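The structure appears right after this line, and notes come after that.
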Amino acid sequence: MKKICVVGTGYVGLVSGTCFAEMGHHVICVDKDKNKIDILNSGHIPIYEPGLEELVKKNKKLGRLKFTTSIEEGVTPSEIVFIAVNTPSMEDGSADLSFVEASTREVVRFSKGYKLLVEKSTVPVQTGDRIKSSLSAIRNSKATIEVASNPEFLREGSAIKDFLNPDRIVIGVESKRSEKILRELYQKLKAPMIVTDIKSAELIKHASNSFLALKISYINAIANICEKVGADVGRVSQGMGFDKRIGASFLNAGIGYGGSCFPKDIAAFIKIADQNGYDFSLLKAVQKINSDQRLQIVKKIEEKLWNVKDKNIGILGLSFKPDTDDLRNAPALDIIQALLSKGAKIKAFDPIVNNKVKKIIPQVEYMDDIYSVAKHAHALVILTEWNVFRKMNLKKVRSVMESPVIIDGRNIFSLEQMEKNGFSYVSVGRPAVV
Ligand code: UGA
């Protein structure tokens, strides 16, 4: 079993640390945010992620998972130190690596003997080189520190399952010793291991996220054509997805991607390509299609209601995707602001994030269920595909609405279902039910 320190208890750090402990390793998670560490030490978690709190509690109890604000306490006994701090976007789109740099310095300060320093956060290619040059600049004669890259591919909302059942494990290494350590670390997981140099491993992460975002923008572009010619994007993506070379996943048309990863990573990838002399125009188009897609839904609401001023609009779903409380780059926030600026009166319901959004947009009335949002609404707008929305009682919803209009940004209902229940229904890339 390995002794591991994970620096940074954000999404990736906390899930990775907890799952390493679940695999039997001894893990110390470090974060400079005392409030977060206090929450974790009291057996709770600072984010919403299904199943995570139970795993944290279990592994804490077994003595395999600890939380501290002291980087020294984490680094001293550990052979492997993961850097999982955040790498936010800077104004020009490039990744802010100051937290990576600062934690590297701290790790070096407290290192003695051999340490394997592993990049877990998503970082631009060549970050490993920068870490190595800062290691040699700091100089610590008591320690031998090697650098590796081990990008993470988990998704919010299904993070534990993704971590423990990955499609592949990617490690970028520079020595047999570091390869052996990382192979031993992951030996319990049944997944192919791709061993590369550090730069290729770094690139695999940005290239994968960008490709997934590209699939989403591609299907959204197809959805726009479908709307113009009267075709159904659901049938088109189904027909495409059966081709194994294309694959069926990430072909759901909607209001575009959000979250803390795709928007940030695509901007950073465009920037790093540019800095290295390549104009990544393909990804710029992906970005443009995505930002246009968000506002398409506002146009659809306006077209349907003619004028949104003083109309009651009910919003269902606020988080950027279901099963998470993450609001970073959530399309719902932009869409609500656009509607408010046009004078609409908004009620909203999200199963998890009502209170969080209330602090950002206090002008909205937040309700506790679907039916209170639907009451007297001129239109109901679906922005996140939470399961509870799929199961709503359509008859009841229709009976309380001012006019039976549903604008669905996630295509959760079939056209037949809407027609049968007497709704006027506008979705993405499919013919409207009038
Ligand atoms: C994404 C990647 O899927 C993970 O592999 C990666 O590890 C993670 O970023 C990261 O870099 O940390 P995540 O952002 O949690 O994960 O969520 P996704 O499930 O990928 O969804 C991203 C966005 O795409 C959401 O807004 C979702 O609604 C949208 N989406 C997804 C679509 O609009 N259509 C689809 O078909 C799929």
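Naming scheme: A, B, ... for chains in displayed order of the structure tokens; residues 1 onward per chain; ligands 1 onward as shown.
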Which residues are close to Ala332 of chain A, i.e. within 9 Å by only C-alpha atoms, leaving aside same-chain residues fewer than 2 positions away? Reply as a ChimeraX atom specification. /A:294,315,317-320,327,329-330,334-337,383-384
If the limit is 9 Å from any atom of ligand 1, counting only C-alpha atoms and all ligand atoms, which residues qualify? Return them as an NGL selection string. :A and (11-12 or 121-122 or 151-159 or 162 or 205-206 or 208-209 or 212-213 or 215-217 or 219-220 or 248-265 or 319-322 or 324 or 329-331 or 384-385 or 410)
Please report as a tab-separated table every residue of segment 306-387 of chain A lying within 6 Å of segment 397-409 of chain A, along with the nearest atom pair and their distance in Å (one decimal), using only C-alpha atoms.
residue	atom	partner	partner_atom	distance
A:Tyr371	CA	A:Val397	CA	5.9
A:Ala374	CA	A:Met401	CA	5.5
A:Lys375	CA	A:Val400	CA	4.8
A:His376	CA	A:Glu402	CA	4.4
A:Ala377	CA	A:Met401	CA	5.0
A:His378	CA	A:Ser403	CA	5.0
A:Ala379	CA	A:Val405	CA	4.7
A:Leu380	CA	A:Ile406	CA	4.8
A:Val381	CA	A:Ile407	CA	4.7
A:Ile382	CA	A:Asp408	CA	4.8
A:Leu383	CA	A:Gly409	CA	5.3
Would you save the residues of that selection, restricted to C-alpha atoms, as a tab-separated table (two decimals), in the first residue's frame?
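again02.tsv was written with the following content:
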chain	number	residue	atom	x	y	z
A	371	TYR	CA	-45.53	22.62	-9.55
A	374	ALA	CA	-45.33	26.03	-13.07
A	375	LYS	CA	-48.20	27.84	-11.28
A	376	HIS	CA	-49.40	30.78	-13.43
A	377	ALA	CA	-46.34	30.43	-15.70
A	378	HIS	CA	-46.63	31.57	-19.31
A	379	ALA	CA	-43.77	29.21	-20.13
A	380	LEU	CA	-41.75	26.54	-18.35
A	381	VAL	CA	-38.09	26.35	-19.37
A	382	ILE	CA	-35.99	23.22	-18.71
A	383	LEU	CA	-32.28	23.99	-18.35
I'd like the contact shell of Leu40 of chain A - 10 Å cut-off, only C-alpha atoms, skipping same-chain residues fewer than 6 positions apart - returned as a list of chain:residue names.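 My reading of the contact set: A:Thr9, A:Leu14, A:Cys29, A:Lys34, A:Pro46, A:Glu53, A:Val56, A:Lys57, A:Lys60, A:Lys66, A:Phe67, A:Thr68.
Computed from the coordinates, the atom CA of Gly314 of chain A to atom CA of Asn290 of chain A distance equals 23.4 Å.
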Any idea what the distance is between atom CA of Lys342 of chain A and atom CA of Ile361 of chain A?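 Separation of atom CA of Lys342 of chain A and atom CA of Ile361 of chain A: 14.9 Å.
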